[in-house]
Amino acid sequence: MRRPTYARLPEATHPHIAATAGHLITTMRRSSCPAALDLLLTAAAALPAEVPEGKV
């Protein structure tokens, strides 16, 4: 899960996420978005790095 990641993002580069990290972590516990994101990223990682010519 990526929820703990919110708390580790540097405020200098992610000020809005850093400012709301506590709220995001609390809210995301009840959300299905992390599970859907995990499925999406797993599927994307399983795709070939390059699409063979003519297979688009």
# chains A, B, ... in the order shown; residues from 1 in each chain; ligands from 1

call {"tool": "select_by_dssp", "arguments": {"residues": "chain A", "states": "alpha helix (DSSP H)", "output": "PyMOL selection string"}}
result
chain A and resi 3-8+15-28+33-46

call {"tool": "atom_distance", "arguments": {"atom1": "atom CA of Leu9 of chain A", "atom2": "atom CA of Thr27 of chain A"}}
result
17.4 Å

call {"tool": "residues_around", "arguments": {"residues": "Arg8 of chain A", "least_positions_apart": "5", "cutoff": "12 Å", "atoms": "only C-alpha atoms", "output": "PDB file with N, CA, C and O atoms, in the first residue's frame"}}
result
ATOM      1  N   ARG A   2       0.356   2.309  -0.570  1.00  0.00           N
ATOM      2  CA  ARG A   2       1.103   3.541  -0.658  1.00  0.00           C
ATOM      3  C   ARG A   2       0.756   4.559   0.420  1.00  0.00           C
ATOM      4  O   ARG A   2       1.307   5.630   0.457  1.00  0.00           O
ATOM      5  N   ARG A   3      -0.191   4.263   1.283  1.00  0.00           N
ATOM      6  CA  ARG A   3      -0.619   5.240   2.288  1.00  0.00           C
ATOM      7  C   ARG A   3       0.535   5.810   3.110  1.00  0.00           C
ATOM      8  O   ARG A   3       0.617   7.011   3.283  1.00  0.00           O
ATOM      9  N   THR A  13       8.971  19.580  -2.035  1.00  0.00           N
ATOM     10  CA  THR A  13       8.543  19.219  -3.384  1.00  0.00           C
ATOM     11  C   THR A  13       7.064  18.852  -3.477  1.00  0.00           C
ATOM     12  O   THR A  13       6.506  18.842  -4.561  1.00  0.00           O
ATOM     13  N   HIS A  14       6.441  18.539  -2.353  1.00  0.00           N
ATOM     14  CA  HIS A  14       5.032  18.138  -2.334  1.00  0.00           C
ATOM     15  C   HIS A  14       4.308  18.852  -1.192  1.00  0.00           C
ATOM     16  O   HIS A  14       3.788  18.203  -0.276  1.00  0.00           O
ATOM     17  N   PRO A  15       4.256  20.192  -1.209  1.00  0.00           N
ATOM     18  CA  PRO A  15       3.711  20.920  -0.064  1.00  0.00           C
ATOM     19  C   PRO A  15       2.250  20.612   0.238  1.00  0.00           C
ATOM     20  O   PRO A  15       1.862  20.541   1.404  1.00  0.00           O
ATOM     21  N   ILE A  17       0.509  17.785  -0.452  1.00  0.00           N
ATOM     22  CA  ILE A  17       0.376  16.436   0.102  1.00  0.00           C
ATOM     23  C   ILE A  17       0.907  16.405   1.525  1.00  0.00           C
ATOM     24  O   ILE A  17       0.285  15.828   2.416  1.00  0.00           O
ATOM     25  N   ALA A  18       2.051  17.052   1.762  1.00  0.00           N
ATOM     26  CA  ALA A  18       2.621  17.087   3.110  1.00  0.00           C
ATOM     27  C   ALA A  18       1.657  17.753   4.088  1.00  0.00           C
ATOM     28  O   ALA A  18       1.492  17.290   5.223  1.00  0.00           O
ATOM     29  N   ALA A  19       1.003  18.811   3.640  1.00  0.00           N
ATOM     30  CA  ALA A  19       0.082  19.537   4.513  1.00  0.00           C
ATOM     31  C   ALA A  19      -1.161  18.729   4.855  1.00  0.00           C
ATOM     32  O   ALA A  19      -1.764  18.920   5.907  1.00  0.00           O
ATOM     33  N   ALA A  21      -1.268  15.193   4.664  1.00  0.00           N
ATOM     34  CA  ALA A  21      -0.914  13.778   4.803  1.00  0.00           C
ATOM     35  C   ALA A  21      -1.752  13.079   5.872  1.00  0.00           C
ATOM     36  O   ALA A  21      -2.255  11.976   5.653  1.00  0.00           O
ATOM     37  N   GLY A  22      -1.910  13.699   7.015  1.00  0.00           N
ATOM     38  CA  GLY A  22      -2.704  13.081   8.081  1.00  0.00           C
ATOM     39  C   GLY A  22      -4.129  12.814   7.638  1.00  0.00           C
ATOM     40  O   GLY A  22      -4.679  11.734   7.883  1.00  0.00           O
ATOM     41  N   ILE A  25      -4.163   9.947   4.940  1.00  0.00           N
ATOM     42  CA  ILE A  25      -3.970   8.616   5.532  1.00  0.00           C
ATOM     43  C   ILE A  25      -5.245   8.147   6.218  1.00  0.00           C
ATOM     44  O   ILE A  25      -5.678   7.008   6.043  1.00  0.00           O
TER      45      ILE A  25
END

call {"tool": "atom_distance", "arguments": {"atom1": "atom CA of Pro52 of chain A", "atom2": "atom CA of Leu40 of chain A"}}
result
21.8 Å

call {"tool": "atom_distance", "arguments": {"atom1": "atom CA of Leu41 of chain A", "atom2": "atom CA of Thr26 of chain A"}}
result
22.4 Å
